[in-house]
Amino acid sequence: MERKIEVFFEKWQKDLIRKPLILYGPKQVGKTFTVLNFAKKEYKNTVYFNTENNLELIDLFSREKNTEKIILNLSLLSGETILKEDTLIVLDNLDNLEIVKSLKLFGSERSKYHIIAITSRKERLNEFKGEELQFKGMNEMDFEEYCWAKDEKALSSLIRESFTKHKVCPFHKVALDLFHEYLITGGLPEVVQSELDGKSPYEIDAIKQKIIDIYKKEISLNKTLIDIPRGIEVLDSIPSQLRKDNKKFQYGCMGTGKRAKEYESAINYLVTNQLVYRSYKIKNVKSPLSSCREKDSFKLYLPDDGLLFTMLHLNLKQFATDEKIKETLYENHIAKTLVEAGYSLYYYQSEGKAEVNFVIQNRMGQIIPIEIATKSMSKAKSLSVFIKKFITQQAYRITENNFSTKKEVRYIPVYAVFCLNDQKI
């Protein structure tokens, strides 16, 4: 399956001041598969090492500080000749600081050896960081990549064209139906592939449940998280929290007497490692938006719509007939798409309880409100009041309808949210 990150890999490969690359992101988003697939197309050979509990490899990087000797030993360990410029060295499941220190040697020397290290432990990046390395995040497939996988590349191009040129999409119903498939399936490559292979909904659901269990295992095996059960408790509570009319995260939903302080470190761990995404409440709007956030008032979202569908224990009939369920998935989709486009998330709520679902700030400092407006979730007044009160230049309503512009607000179909990135807005 084609992934957007391959364009980044191509630029990295040709970069004259290329440094070892650390690719990070949650498990199961396709990091290793995509790197190995890219290597197969672009390099003469690939040398792959799983660093997890690989004592021989860790010992090598710990004792050897000469890059040429490291390469020689890696060749011996792998049984492969490592060629400058023509071999890709892949170090999977990176979690060892000694290996990172050695990678920095290659970066400081501007070595001609090509190295990609892969990790799902984003909280370790503060220990790993350094100018000798390059970092890149990767997430699950977005709706555009899902279109590509479904052999609908022309449709995704039409959606982008409609967004850019402010015109209606000629295949709106087709795009909306395909988007609903994406909400149910999600963007995790193994799940998407199982759908392409014609697996039954029950088989697909079992695969998603397996991935949920992998995430919980990732939490349970973590050495830095003090209270592992609370991390899993928070993850399990998110679907029911999102089904509420007031989607603010409430500790009481996890049981009587639960307190914020008890869960703070668990939530921070989940957010840092992209297992959940957080949106802070704001009652005032000024730049930077981070100065307006209310630390104790926030919503939590899941990074994959398909996992949310499974954790809500939904079936196709419920999705088709229950507007509230559909809107819950829409809101989660918008949240995770904006985060993965690089935005920090906020939502606006006034004293009178008027709410704008999302408020973001782009790289030029512009503050942009984004509101969901569907059959049973129309908040036109909230957005209008926000625009007048804070004098914003851009505003979006996400709907099930086609592209349009009314007064100062652009109406965007929910399937086109992937177009909302800094390059476009």
# chains A, B, ... in the order shown; residues from 1 in each chain; ligands from 1

$ residues_around --residues "Lys295 in chain A" --least-positions-apart "4" --cutoff "10 Å" --atoms "only C-alpha atoms" --output "ChimeraX atom specification"
/A:280-282,290

$ write_last_selection --atoms "N, CA, C and O atoms" --output "PDB file, in the first residue's frame"
ATOM      1  N   TYR A 280      -7.619  20.745  24.688  1.00  0.00           N
ATOM      2  CA  TYR A 280      -7.851  21.547  25.894  1.00  0.00           C
ATOM      3  C   TYR A 280      -8.975  22.560  25.671  1.00  0.00           C
ATOM      4  O   TYR A 280      -9.118  23.135  24.588  1.00  0.00           O
ATOM      5  N   LYS A 281      -9.725  22.797  26.719  1.00  0.00           N
ATOM      6  CA  LYS A 281     -10.766  23.820  26.694  1.00  0.00           C
ATOM      7  C   LYS A 281     -10.149  25.217  26.800  1.00  0.00           C
ATOM      8  O   LYS A 281      -9.201  25.429  27.553  1.00  0.00           O
ATOM      9  N   ILE A 282     -10.700  26.165  26.028  1.00  0.00           N
ATOM     10  CA  ILE A 282     -10.332  27.575  26.162  1.00  0.00           C
ATOM     11  C   ILE A 282     -11.617  28.395  26.284  1.00  0.00           C
ATOM     12  O   ILE A 282     -12.632  28.080  25.666  1.00  0.00           O
ATOM     13  N   SER A 290      -1.985  28.300  23.406  1.00  0.00           N
ATOM     14  CA  SER A 290      -1.546  27.528  24.577  1.00  0.00           C
ATOM     15  C   SER A 290      -1.654  28.330  25.868  1.00  0.00           C
ATOM     16  O   SER A 290      -1.798  27.768  26.955  1.00  0.00           O
TER      17      SER A 290
END

$ residues_around --residues "Lys208 in chain A" --least-positions-apart "5" --cutoff "12 Å" --atoms "only C-alpha atoms" --output "ChimeraX atom specification"
/A:28,184-195,201-203,213-215,304-311,313

$ residues_around --residues "His180 in chain A" --least-positions-apart "6" --cutoff "9 Å" --atoms "only C-alpha atoms" --output "list in words"
Phe319, Lys326 and Tyr415 of chain A

$ residues_around --residues "range 76-81 of chain A" --least-positions-apart "6" --cutoff "9 Å" --atoms "only C-alpha atoms" --output "ChimeraX atom specification"
/A:45-49,56-57,87

$ closest_residue --among "A:Arg121, A:Leu72, A:Phe9, A:Leu133" --to "Ile22 in chain A" --atoms "only C-alpha atoms"
A:Leu133

$ closest_residue --among "A:Arg124, A:Ile58, A:Tyr251, A:Gln366" --to "Ser297 in chain A" --atoms "only C-alpha atoms"
A:Tyr251

$ residues_around --residues "Phe418 in chain A" --least-positions-apart "2" --cutoff "7 Å" --atoms "only C-alpha atoms" --output "list of chain:residue names"
A:Phe143, A:Thr337, A:Ala416, A:Leu420

$ closest_residue --among "A:Ala395, A:Met364, A:Leu312, A:Leu289" --to "Tyr347 in chain A" --atoms "only C-alpha atoms"
A:Leu289

$ residues_around --residues "Asp15 in chain A" --least-positions-apart "5" --cutoff "12 Å" --atoms "only C-alpha atoms" --output "ChimeraX atom specification"
/A:8-10,20-21,85,110-112,114,134

$ write_last_selection --atoms "N, CA, C and O atoms" --output "PDB file, in the first residue's frame"
ATOM      1  N   PHE A   8       8.862  11.603   1.736  1.00  0.00           N
ATOM      2  CA  PHE A   8       9.863  12.081   2.691  1.00  0.00           C
ATOM      3  C   PHE A   8      11.113  11.205   2.638  1.00  0.00           C
ATOM      4  O   PHE A   8      12.245  11.708   2.643  1.00  0.00           O
ATOM      5  N   PHE A   9      10.934   9.881   2.586  1.00  0.00           N
ATOM      6  CA  PHE A   9      12.081   8.967   2.526  1.00  0.00           C
ATOM      7  C   PHE A   9      12.941   9.252   1.290  1.00  0.00           C
ATOM      8  O   PHE A   9      14.173   9.202   1.362  1.00  0.00           O
ATOM      9  N   GLU A  10      12.293   9.544   0.176  1.00  0.00           N
ATOM     10  CA  GLU A  10      13.034   9.825  -1.058  1.00  0.00           C
ATOM     11  C   GLU A  10      13.901  11.068  -0.900  1.00  0.00           C
ATOM     12  O   GLU A  10      15.059  11.099  -1.344  1.00  0.00           O
ATOM     13  N   PRO A  20      21.366  10.007  10.226  1.00  0.00           N
ATOM     14  CA  PRO A  20      20.551   8.852  10.608  1.00  0.00           C
ATOM     15  C   PRO A  20      19.153   9.309  10.987  1.00  0.00           C
ATOM     16  O   PRO A  20      18.975  10.311  11.689  1.00  0.00           O
ATOM     17  N   LEU A  21      18.157   8.571  10.520  1.00  0.00           N
ATOM     18  CA  LEU A  21      16.761   8.950  10.724  1.00  0.00           C
ATOM     19  C   LEU A  21      16.131   8.077  11.810  1.00  0.00           C
ATOM     20  O   LEU A  21      16.265   6.848  11.778  1.00  0.00           O
ATOM     21  N   GLU A  85      25.940   4.344   0.477  1.00  0.00           N
ATOM     22  CA  GLU A  85      24.914   4.864  -0.426  1.00  0.00           C
ATOM     23  C   GLU A  85      23.950   3.807  -0.981  1.00  0.00           C
ATOM     24  O   GLU A  85      22.851   4.134  -1.409  1.00  0.00           O
ATOM     25  N   ARG A 110      28.804  12.973   9.075  1.00  0.00           N
ATOM     26  CA  ARG A 110      28.136  13.032   7.760  1.00  0.00           C
ATOM     27  C   ARG A 110      28.459  11.786   6.945  1.00  0.00           C
ATOM     28  O   ARG A 110      28.863  11.851   5.783  1.00  0.00           O
ATOM     29  N   SER A 111      28.269  10.668   7.583  1.00  0.00           N
ATOM     30  CA  SER A 111      28.589   9.371   6.991  1.00  0.00           C
ATOM     31  C   SER A 111      27.740   9.109   5.751  1.00  0.00           C
ATOM     32  O   SER A 111      26.605   9.582   5.642  1.00  0.00           O
ATOM     33  N   LYS A 112      28.276   8.342   4.837  1.00  0.00           N
ATOM     34  CA  LYS A 112      27.554   7.975   3.618  1.00  0.00           C
ATOM     35  C   LYS A 112      26.745   6.697   3.795  1.00  0.00           C
ATOM     36  O   LYS A 112      26.141   6.204   2.836  1.00  0.00           O
ATOM     37  N   HIS A 114      23.505   4.776   5.083  1.00  0.00           N
ATOM     38  CA  HIS A 114      22.101   5.145   5.247  1.00  0.00           C
ATOM     39  C   HIS A 114      21.497   4.307   6.373  1.00  0.00           C
ATOM     40  O   HIS A 114      21.472   3.077   6.289  1.00  0.00           O
ATOM     41  N   GLN A 134      18.062  12.929  12.665  1.00  0.00           N
ATOM     42  CA  GLN A 134      16.844  13.494  12.092  1.00  0.00           C
ATOM     43  C   GLN A 134      15.665  12.662  12.585  1.00  0.00           C
ATOM     44  O   GLN A 134      15.761  11.449  12.741  1.00  0.00           O
TER      45      GLN A 134
END

$ residues_around --residues "range 158-173 of chain A" --least-positions-apart "2" --cutoff "12 Å" --atoms "only C-alpha atoms" --output "JSON, numbers by chain"
{"A": [143, 144, 147, 152, 153, 154, 155, 156, 175, 176, 177, 178, 179, 180, 396, 399, 400, 401, 402, 403, 404, 405, 406, 409, 410, 411, 412, 413, 414, 415, 416, 417, 418, 419, 420, 421, 423, 424, 425]}

$ closest_residue --among "A:Thr224, A:Ser344, A:Thr32, A:Asn37" --to "Met1 in chain A" --atoms "only C-alpha atoms"
A:Asn37

$ select_by_dssp --residues "range 36-110 of chain A" --states "alpha helix (DSSP H)" --output "NGL selection string"
:A and (36-42 or 55-63 or 67-78 or 97-108)

$ closest_residue --among "A:Glu98, A:Glu109, A:Asp86, A:Glu145" --to "Glu64 in chain A" --atoms "only C-alpha atoms"
A:Glu98
